[in-house]
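Encoded as C-alpha cells, the structure appears first; notes follow it.
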Amino acid sequence: MRSCLVVLLMSVICLGCNRAEEARRKAVENNLKQIESALKNDHETYTSAEPEVSHVIATETEYYTTGPQQGRPPDGKLPRGTKVSVVEMAGSYVLVKPESGIEVYIAADSVRQEESTTIDVSGIVKGGNQFAFDLYQKLRSEEGNLFFSPGSISAALAMTFAGAAGETEAEMAKTLHLKGPKDQLHDGMHALQAYWTMPDKQKDIRLNLANRLWGNEGYEFLPEFLTVTRDNYGAELARLNFAQTEDARQAINGWVEDQTEDNITELLPVGVISAQTKLVLTNAVYFHGVWSDPFEKDRTKDEDFHLTTTDKIKVPMMHRRDKFRYGAADDLQILELPYGDGSLSMVVLLPREIDGLLDLESRLTLQNLQRWMASVKYEDKVKVYLPKFKTTSQFQMADTLKSMGMELAFDGERADFSGMTGGRNLFLSVVIHKAFVDVNEEGTEAAAATGIVMKPPSAAIQAPKEPSVFRADHPFVFMIRDHRNGAIMFLGRITDPLE
C-alpha cells in the first residue's frame, strides 16, 4: 500500500505547475497523507469492527460500487457534507463507507478529515455575531415583529466577498467584521457551515444550509472564484438566460422554496431580475428543532400579552414548570430553551418592565450578551410562560448595508469585484432577505433566504427560595444560537405574537 501511495504522490506532483494545479496537488497530497495516517492508526478498527466516521465529502462527487473503470458511467453521486469512513486506498481512488453502509469508490481528492474539529472558528463566530447586532440596530426601527438570519446574510455576502478586491474588499471586511487572510476566512466559513450541512436526525435537530450561484449564459467568471464558492460554500454555478426574466426568477425562487421546505416563497419579487443581470448569489437556511422537553399542549391557555402598558391581547400561552437554564441581570431575565441534545437552543431576553423593549434593544451588543449569559445557570424549578408565535420578515437591504459602511459594493462606477471576472464590471444592485419562524409546543421551525443580484455598471444571581417565574407576556428579544460555538443563526423580537 505504501509503495502505491508513493507512486501516486509522485504522479500527482507532476500534474502541472500553474497555480490551480499546484493548489489541487497540495490538497490531494494532504488528503492522501491524512488517509494513510487514518488507515495506519485505525487498521485494527477497520478490519475487526465497524469503522468510525471521521471523514467528510468536501464537494459533490461521483461514486462507483465495484471500482472505477475507464469509460464506465458512475453509479451515482455523494452530496457534499456526507460523512464517510475510509476503508482502503485503491490507486487514485479511496474505498469509503458512508453512513448508509454501502461501500463505494470515490476520488481521493474529494474526501478529507472533518474540518470543524480542527479549524478555529471563534474569530468568525465573534465577527458574525458582531455583524448580527450591528444589523439589528439598523433594522429595529421597523415597526412590529422582527426576524432575520445573520448566518444566511453573512454566508451570502461572504461569497461575494470572495470576488471583491481593493477598497471594496476593505469596506466589506470592516462591515462584516471579517479578519485575517481570505483563504483562512473561507476555510473557516466552510468549517462553521459543516454544522449545518451535516445534520444528525437522531438529535431531533435539522439545521441545513445551501448556497447556489446563478450566472448568465455565456458570461465568464474566473475559475478561482468558482473554486472558492464551490469548495468552501458548496455553491455550484447554474446557468440561466436572464433575458428570460420570469423563467429565471421562477427557477431561483423554486430552488429557495425547495431548500426551505416551502417556508420561503417569492424571495425575488417581480422586477428584481432584468436582462442586464449577470449573477445572482443565493443562500437558504432551514432549521427544525424539537424542544428537549416539549411543552404539553393541554397546558396551553389563552392569557394576556401586554402590547404596551395600556393595551393587551389574548394569546395562546405555553406553560411548564421544570429545570431550565435561567439568569437575570440589568432588569432583564434570560431563559435558555434547548433543542434535542442541547447543541442548539433558543435564548429569550425578557425585560422586567412591560415597556422595557426599547431600552433592551439599545443595550443589545455582543459584550452585553456575553455578560448577560454569564448570569445563566441551571435552576431546578422555573415557571415558564411563553407565547406561541409565528412571523415572517422581509428586507431590501441595500440601503441598510450602505449605511453600515458598505457603500462601494453598490456603486456601479467604483465597485471592484474583479476577483469574479477579472474586470471591474459588476456591482451589487439588490440584496434581499426573507425569514420565517414558527414556535409552538413541540419546538421551532425557522427558515431564511438571502438573494444578491449583481449587474454591470450603468453577573450571576442567587437562586430564590420560590421558583423563578419567566412570564413572557410582553415584548421580548429572542435568538437561536449554536451552543457549541456561540454562533447566532437567527435573531429577532416579538412585539405581537398574533401579528
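Letters A, B, ... mark the chains of the C-alpha cells in the order given; residue numbers begin at 1 per chain; ligand numbers begin at 1, in order shown.
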
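Residue neighbourhood of Ala472 (chain A), excluding near-sequence residues (fewer than 4 positions): A:Phe305, A:His306, A:Met317, A:Met318, A:Gln333, A:Val348, A:Leu349, A:Leu350, A:Pro351, A:Arg352, A:Ile354, A:Val384, A:Tyr385, A:Leu386, A:Pro387, A:Phe476, A:Ile494, at 10 Å, using only C-alpha atoms.
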
Within 7 Å of region 429-439 of chain A: each region 142-225 of chain A residue with its shortest pair, only C-alpha atoms, as a tab-separated table:
```
residue	atom	partner	partner_atom	distance
A:Phe147	CA	A:Ala435	CA	6.3
A:Phe148	CA	A:Ala435	CA	5.3
A:Ser149	CA	A:Ala435	CA	6.8
```

Restricting it to N, CA and C atoms, dump the selection as a compact mmCIF listing (two decimals), in the first residue's frame.
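Written out: part21.txt:
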```
# COMPACT_ATOMS: atom_id res chain seq x y z
N PHE A 147 -37.51 39.54 12.47
CA PHE A 147 -36.82 38.25 12.48
C PHE A 147 -35.94 38.15 11.25
N PHE A 148 -34.70 37.71 11.44
CA PHE A 148 -33.79 37.52 10.32
C PHE A 148 -32.71 36.52 10.70
N SER A 149 -31.96 36.06 9.70
CA SER A 149 -30.88 35.11 9.93
C SER A 149 -29.54 35.76 9.62
```

Coordinates-based distance that separates CA of Leu146 (chain A) from CA of Phe324 (chain A) (Å, one decimal): 25.6 Å

I need the residues of region 240-432 of chain A that end up classed as helix (DSSP H, G or I) by DSSP on the backbone, written out as an mmCIF file with N, CA and C atoms, in the first residue's frame.
```
data_model
loop_
_atom_site.group_PDB
_atom_site.id
_atom_site.type_symbol
_atom_site.label_atom_id
_atom_site.label_comp_id
_atom_site.auth_asym_id
_atom_site.auth_seq_id
_atom_site.Cartn_x
_atom_site.Cartn_y
_atom_site.Cartn_z
ATOM 1 N N THR A 245 -36.528 36.834 -18.147
ATOM 2 C CA THR A 245 -36.508 37.252 -16.743
ATOM 3 C C THR A 245 -37.442 36.450 -15.850
ATOM 4 N N GLU A 246 -38.647 36.179 -16.304
ATOM 5 C CA GLU A 246 -39.606 35.486 -15.440
ATOM 6 C C GLU A 246 -39.215 34.034 -15.253
ATOM 7 N N ASP A 247 -38.725 33.383 -16.300
ATOM 8 C CA ASP A 247 -38.269 31.998 -16.168
ATOM 9 C C ASP A 247 -37.099 31.915 -15.191
ATOM 10 N N ALA A 248 -36.163 32.868 -15.308
ATOM 11 C CA ALA A 248 -35.007 32.875 -14.407
ATOM 12 C C ALA A 248 -35.437 33.114 -12.966
ATOM 13 N N ARG A 249 -36.336 34.075 -12.767
ATOM 14 C CA ARG A 249 -36.816 34.386 -11.414
ATOM 15 C C ARG A 249 -37.505 33.183 -10.786
ATOM 16 N N GLN A 250 -38.339 32.511 -11.542
ATOM 17 C CA GLN A 250 -39.055 31.352 -11.016
ATOM 18 C C GLN A 250 -38.106 30.198 -10.712
ATOM 19 N N ALA A 251 -37.062 30.032 -11.515
ATOM 20 C CA ALA A 251 -36.089 28.969 -11.260
ATOM 21 C C ALA A 251 -35.378 29.202 -9.929
ATOM 22 N N ILE A 252 -34.969 30.450 -9.683
ATOM 23 C CA ILE A 252 -34.264 30.760 -8.439
ATOM 24 C C ILE A 252 -35.212 30.648 -7.250
ATOM 25 N N ASN A 253 -36.405 31.214 -7.369
ATOM 26 C CA ASN A 253 -37.374 31.133 -6.274
ATOM 27 C C ASN A 253 -37.780 29.694 -5.992
ATOM 28 N N GLY A 254 -37.882 28.872 -7.037
ATOM 29 C CA GLY A 254 -38.222 27.458 -6.836
ATOM 30 C C GLY A 254 -37.153 26.730 -6.057
ATOM 31 N N TRP A 255 -35.892 27.035 -6.345
ATOM 32 C CA TRP A 255 -34.780 26.423 -5.592
ATOM 33 C C TRP A 255 -34.848 26.829 -4.123
ATOM 34 N N VAL A 256 -35.107 28.099 -3.860
ATOM 35 C CA VAL A 256 -35.209 28.577 -2.474
ATOM 36 C C VAL A 256 -36.348 27.870 -1.749
ATOM 37 N N GLU A 257 -37.487 27.739 -2.400
ATOM 38 C CA GLU A 257 -38.619 27.052 -1.783
ATOM 39 C C GLU A 257 -38.269 25.613 -1.435
ATOM 40 N N ASP A 258 -37.590 24.925 -2.351
ATOM 41 C CA ASP A 258 -37.210 23.529 -2.094
ATOM 42 C C ASP A 258 -36.266 23.427 -0.902
ATOM 43 N N GLN A 259 -35.295 24.337 -0.816
ATOM 44 C CA GLN A 259 -34.293 24.273 0.245
ATOM 45 C C GLN A 259 -34.853 24.644 1.616
ATOM 46 N N LYS A 297 -49.440 20.310 25.303
ATOM 47 C CA LYS A 297 -50.441 21.108 24.599
ATOM 48 C C LYS A 297 -51.645 21.426 25.470
ATOM 49 N N ASP A 298 -52.022 20.507 26.355
ATOM 50 C CA ASP A 298 -53.224 20.758 27.160
ATOM 51 C C ASP A 298 -52.988 21.808 28.247
ATOM 52 N N ARG A 299 -51.736 22.236 28.399
ATOM 53 C CA ARG A 299 -51.453 23.283 29.379
ATOM 54 C C ARG A 299 -51.368 24.663 28.726
ATOM 55 N N LEU A 357 -38.671 47.139 26.172
ATOM 56 C CA LEU A 357 -38.034 46.619 24.957
ATOM 57 C C LEU A 357 -37.054 47.623 24.347
ATOM 58 N N LEU A 358 -37.448 48.890 24.243
ATOM 59 C CA LEU A 358 -36.581 49.881 23.623
ATOM 60 C C LEU A 358 -35.253 50.005 24.366
ATOM 61 N N ASP A 359 -35.312 49.984 25.683
ATOM 62 C CA ASP A 359 -34.084 50.071 26.476
ATOM 63 C C ASP A 359 -33.225 48.824 26.259
ATOM 64 N N LEU A 360 -33.862 47.641 26.209
ATOM 65 C CA LEU A 360 -33.116 46.402 25.960
ATOM 66 C C LEU A 360 -32.438 46.464 24.597
ATOM 67 N N GLU A 361 -33.175 46.888 23.579
ATOM 68 C CA GLU A 361 -32.606 46.916 22.231
ATOM 69 C C GLU A 361 -31.429 47.889 22.137
ATOM 70 N N SER A 362 -31.505 49.000 22.847
ATOM 71 C CA SER A 362 -30.415 49.976 22.807
ATOM 72 C C SER A 362 -29.145 49.421 23.439
ATOM 73 N N LEU A 366 -22.752 42.602 21.581
ATOM 74 C CA LEU A 366 -22.087 41.326 21.820
ATOM 75 C C LEU A 366 -21.498 41.276 23.226
ATOM 76 N N GLN A 367 -20.923 42.379 23.670
ATOM 77 C CA GLN A 367 -20.325 42.410 25.011
ATOM 78 C C GLN A 367 -21.390 42.236 26.086
ATOM 79 N N ASN A 368 -22.531 42.914 25.940
ATOM 80 C CA ASN A 368 -23.595 42.782 26.935
ATOM 81 C C ASN A 368 -24.190 41.380 26.923
ATOM 82 N N LEU A 369 -24.347 40.797 25.730
ATOM 83 C CA LEU A 369 -24.879 39.435 25.675
ATOM 84 C C LEU A 369 -23.975 38.473 26.433
ATOM 85 N N GLN A 370 -22.680 38.614 26.245
ATOM 86 C CA GLN A 370 -21.738 37.744 26.957
ATOM 87 C C GLN A 370 -21.870 37.919 28.464
ATOM 88 N N ARG A 371 -22.052 39.164 28.907
ATOM 89 C CA ARG A 371 -22.205 39.429 30.342
ATOM 90 C C ARG A 371 -23.527 38.888 30.858
ATOM 91 N N TRP A 372 -24.594 39.062 30.072
ATOM 92 C CA TRP A 372 -25.898 38.546 30.494
ATOM 93 C C TRP A 372 -25.896 37.020 30.567
ATOM 94 N N MET A 373 -25.276 36.395 29.578
ATOM 95 C CA MET A 373 -25.252 34.925 29.564
ATOM 96 C C MET A 373 -24.428 34.358 30.716
ATOM 97 N N ALA A 398 -30.085 46.870 0.624
ATOM 98 C CA ALA A 398 -29.029 47.681 0.022
ATOM 99 C C ALA A 398 -28.759 48.948 0.836
ATOM 100 N N ASP A 399 -29.799 49.707 1.136
ATOM 101 C CA ASP A 399 -29.617 50.958 1.883
ATOM 102 C C ASP A 399 -29.075 50.691 3.285
ATOM 103 N N THR A 400 -29.538 49.603 3.895
ATOM 104 C CA THR A 400 -29.063 49.268 5.244
ATOM 105 C C THR A 400 -27.579 48.970 5.230
ATOM 106 N N LEU A 401 -27.131 48.150 4.292
ATOM 107 C CA LEU A 401 -25.713 47.783 4.225
ATOM 108 C C LEU A 401 -24.851 48.993 3.865
ATOM 109 N N LYS A 402 -25.364 49.861 3.009
ATOM 110 C CA LYS A 402 -24.609 51.074 2.679
ATOM 111 C C LYS A 402 -24.449 51.957 3.911
ATOM 112 N N SER A 403 -25.508 52.052 4.720
ATOM 113 C CA SER A 403 -25.428 52.882 5.927
ATOM 114 C C SER A 403 -24.485 52.291 6.963
ATOM 115 N N LEU A 408 -19.219 51.132 -1.475
ATOM 116 C CA LEU A 408 -18.606 50.912 -2.780
ATOM 117 C C LEU A 408 -19.196 49.713 -3.509
ATOM 118 N N ALA A 409 -19.577 48.672 -2.764
ATOM 119 C CA ALA A 409 -20.095 47.451 -3.397
ATOM 120 C C ALA A 409 -21.350 47.724 -4.208
ATOM 121 N N PHE A 410 -22.085 48.783 -3.852
ATOM 122 C CA PHE A 410 -23.339 49.113 -4.532
ATOM 123 C C PHE A 410 -23.163 50.258 -5.550
ATOM 124 N N SER A 418 -13.400 42.483 -9.206
ATOM 125 C CA SER A 418 -12.539 41.918 -10.247
ATOM 126 C C SER A 418 -12.123 40.496 -9.930
ATOM 127 N N GLY A 419 -12.269 40.079 -8.676
ATOM 128 C CA GLY A 419 -11.971 38.687 -8.330
ATOM 129 C C GLY A 419 -12.982 37.709 -8.879
ATOM 130 N N MET A 420 -14.087 38.222 -9.418
ATOM 131 C CA MET A 420 -15.100 37.347 -10.021
ATOM 132 C C MET A 420 -14.876 37.148 -11.516
ATOM 133 N N THR A 421 -14.518 38.253 -12.183
ATOM 134 C CA THR A 421 -14.460 38.199 -13.645
ATOM 135 C C THR A 421 -13.122 38.639 -14.213
#
```

Those in region 261-446 of chain A with strand (DSSP E or B) from DSSP, as a PyMOL selection string: chain A and resi 279-291+301-306+312-329+332-339+344-351+377-387+389-396+427-439+443-446

Counting only C-alpha atoms, the residue of A:Ala173, A:Ile57, A:Ala158, A:Ala446 that sits nearest Asp231 (chain A): A:Ile57

Long-range neighbours of Asn485 (chain A) as number ranges by chain, 9 Å cut-off, only C-alpha atoms, 3 positions minimum in chain: A: 121-122, 125, 192, 481-482

Polymer residues at most 12 Å from region 180-182 of chain A, only C-alpha atoms, same-chain spacing of 4 or more positions, as a list in words: Val121, Gly123, Ile124, Gly127, Ala158, Met159, Phe161, Ala162, Gly163, Ala164, Ala165, Glu169, Ala170, Ala173, Lys174, His186, Asp187, Gly188, Met189, Phe225, Val228, Asn232 and Gly419 of chain A

Shortest interatomic distance to Ala374 (chain A) - which of A:Gln130, A:Ile334, A:Leu344, A:Glu353, counting only C-alpha atoms: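 Of the candidates, the smallest distance to Ala374 (chain A) is held by A:Ile334.
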
Test item: residues at most 9 Å from Ala235 (chain A), only C-alpha atoms, excluding those fewer than 4 positions along its chain, as a PyMOL selection string: chain A and resi 159+210-213+226+228-231+281-283

Go ahead and save the picked residues with N, CA and C atoms, as a tab-separated table (two decimals), in the first residue's frame.
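Generated file (selection.tsv):
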```tsv
chain	number	residue	atom	x	y	z
A	159	MET	N	-19.70	35.04	0.13
A	159	MET	CA	-19.44	34.55	-1.23
A	159	MET	C	-19.12	35.72	-2.16
A	210	ALA	N	-27.78	25.81	2.27
A	210	ALA	CA	-27.44	25.55	0.87
A	210	ALA	C	-27.12	26.87	0.18
A	211	ASN	N	-26.14	26.84	-0.71
A	211	ASN	CA	-25.74	28.01	-1.48
A	211	ASN	C	-25.76	27.66	-2.97
A	212	ARG	N	-26.02	28.65	-3.80
A	212	ARG	CA	-26.02	28.42	-5.24
A	212	ARG	C	-25.70	29.73	-5.97
A	213	LEU	N	-24.92	29.63	-7.03
A	213	LEU	CA	-24.66	30.75	-7.92
A	213	LEU	C	-25.49	30.56	-9.19
A	226	LEU	N	-14.93	30.62	-8.80
A	226	LEU	CA	-15.85	29.48	-8.81
A	226	LEU	C	-15.35	28.35	-7.93
A	228	VAL	N	-13.51	28.70	-5.10
A	228	VAL	CA	-13.73	29.08	-3.70
A	228	VAL	C	-15.19	28.91	-3.32
A	229	THR	N	-16.10	29.40	-4.15
A	229	THR	CA	-17.52	29.32	-3.82
A	229	THR	C	-18.04	27.89	-3.87
A	230	ARG	N	-17.46	27.08	-4.75
A	230	ARG	CA	-17.90	25.68	-4.83
A	230	ARG	C	-17.34	24.86	-3.67
A	231	ASP	N	-16.03	24.97	-3.43
A	231	ASP	CA	-15.39	24.09	-2.44
A	231	ASP	C	-15.66	24.53	-1.02
A	281	LEU	N	-26.46	35.42	-6.38
A	281	LEU	CA	-25.95	34.52	-5.35
A	281	LEU	C	-27.06	34.29	-4.33
A	282	THR	N	-27.33	33.04	-4.00
A	282	THR	CA	-28.40	32.74	-3.06
A	282	THR	C	-27.90	31.85	-1.93
A	283	ASN	N	-28.47	32.09	-0.78
A	283	ASN	CA	-28.25	31.25	0.40
A	283	ASN	C	-29.61	30.91	0.99
```

Residue nearest Gly451 (chain A) among A:Pro98, A:Pro269, A:Pro73, A:Pro223 (counting only C-alpha atoms):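 Closest to Gly451 (chain A) of all the choices is A:Pro269.
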
CA of Val315 (chain A) to CA of Phe295 (chain A), distance in Å rounded to a single decimal: 15.8 Å

Closest of A:Ser375, A:Asn129, A:Thr365, A:Gln137 to Phe490 (chain A) - atom-to-atom distances counting only C-alpha atoms: A:Asn129

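We find CA of Tyr93 (chain A) and CA of Gly76 (chain A) to be spaced 15.3 Å apart.
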
Residues near Met454 (chain A), cut-off 7 Å, only C-alpha atoms, skip fewer than 6 positions along chain, as a VMD selection string: chain A and resid 277 to 280 426 to 429

Could you take the residues named above and write them with N, CA and C atoms, as a PDB file, in the first residue's frame?
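Saved the output as part_16.pdb:
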```pdb
ATOM      1  N   THR A 277     -28.945  41.486 -15.697  1.00  0.00           N
ATOM      2  CA  THR A 277     -28.421  40.684 -14.579  1.00  0.00           C
ATOM      3  C   THR A 277     -27.371  39.698 -15.097  1.00  0.00           C
ATOM      4  N   LYS A 278     -26.242  39.637 -14.405  1.00  0.00           N
ATOM      5  CA  LYS A 278     -25.177  38.713 -14.788  1.00  0.00           C
ATOM      6  C   LYS A 278     -24.982  37.596 -13.772  1.00  0.00           C
ATOM      7  N   LEU A 279     -25.270  37.871 -12.494  1.00  0.00           N
ATOM      8  CA  LEU A 279     -25.031  36.873 -11.450  1.00  0.00           C
ATOM      9  C   LEU A 279     -26.001  37.092 -10.297  1.00  0.00           C
ATOM     10  N   VAL A 280     -26.541  36.002  -9.786  1.00  0.00           N
ATOM     11  CA  VAL A 280     -27.340  36.021  -8.563  1.00  0.00           C
ATOM     12  C   VAL A 280     -26.729  35.002  -7.611  1.00  0.00           C
ATOM     13  N   LEU A 426     -18.916  44.495 -12.468  1.00  0.00           N
ATOM     14  CA  LEU A 426     -20.087  44.058 -11.720  1.00  0.00           C
ATOM     15  C   LEU A 426     -20.213  44.870 -10.437  1.00  0.00           C
ATOM     16  N   PHE A 427     -21.442  45.053  -9.975  1.00  0.00           N
ATOM     17  CA  PHE A 427     -21.690  45.661  -8.672  1.00  0.00           C
ATOM     18  C   PHE A 427     -22.956  45.045  -8.086  1.00  0.00           C
ATOM     19  N   LEU A 428     -23.156  45.216  -6.784  1.00  0.00           N
ATOM     20  CA  LEU A 428     -24.356  44.703  -6.134  1.00  0.00           C
ATOM     21  C   LEU A 428     -25.510  45.660  -6.415  1.00  0.00           C
ATOM     22  N   SER A 429     -26.566  45.146  -7.009  1.00  0.00           N
ATOM     23  CA  SER A 429     -27.723  46.007  -7.266  1.00  0.00           C
ATOM     24  C   SER A 429     -28.838  45.767  -6.263  1.00  0.00           C
TER      25      SER A 429
END
```

Write out as a CSV table (one decimal) with C-alpha atoms, in the first residue's frame each polymer residue whose atoms come within 9 Å of Ser152 (chain A), counting only C-alpha atoms; drop sequence neighbours fewer than 2 positions from it.
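Everything below was put into part_30.csv:
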```
chain,number,residue,atom,x,y,z
A,148,PHE,CA,-33.8,37.5,10.3
A,149,SER,CA,-30.9,35.1,9.9
A,150,PRO,CA,-27.4,36.7,10.4
A,154,SER,CA,-23.2,36.6,6.3
A,155,ALA,CA,-22.8,33.4,4.1
A,156,ALA,CA,-24.3,35.1,1.0
A,157,LEU,CA,-22.1,38.2,1.5
A,209,LEU,CA,-27.7,25.4,4.7
A,283,ASN,CA,-28.2,31.3,0.4
A,284,ALA,CA,-31.0,29.3,2.1
A,285,VAL,CA,-31.2,28.1,5.7
A,433,HIS,CA,-33.5,38.7,2.8
A,448,ALA,CA,-34.4,32.2,5.8
A,449,ALA,CA,-33.0,33.0,2.4
A,450,THR,CA,-30.8,35.7,1.0
A,489,MET,CA,-28.1,31.9,13.5
A,490,PHE,CA,-31.4,33.6,13.9
```
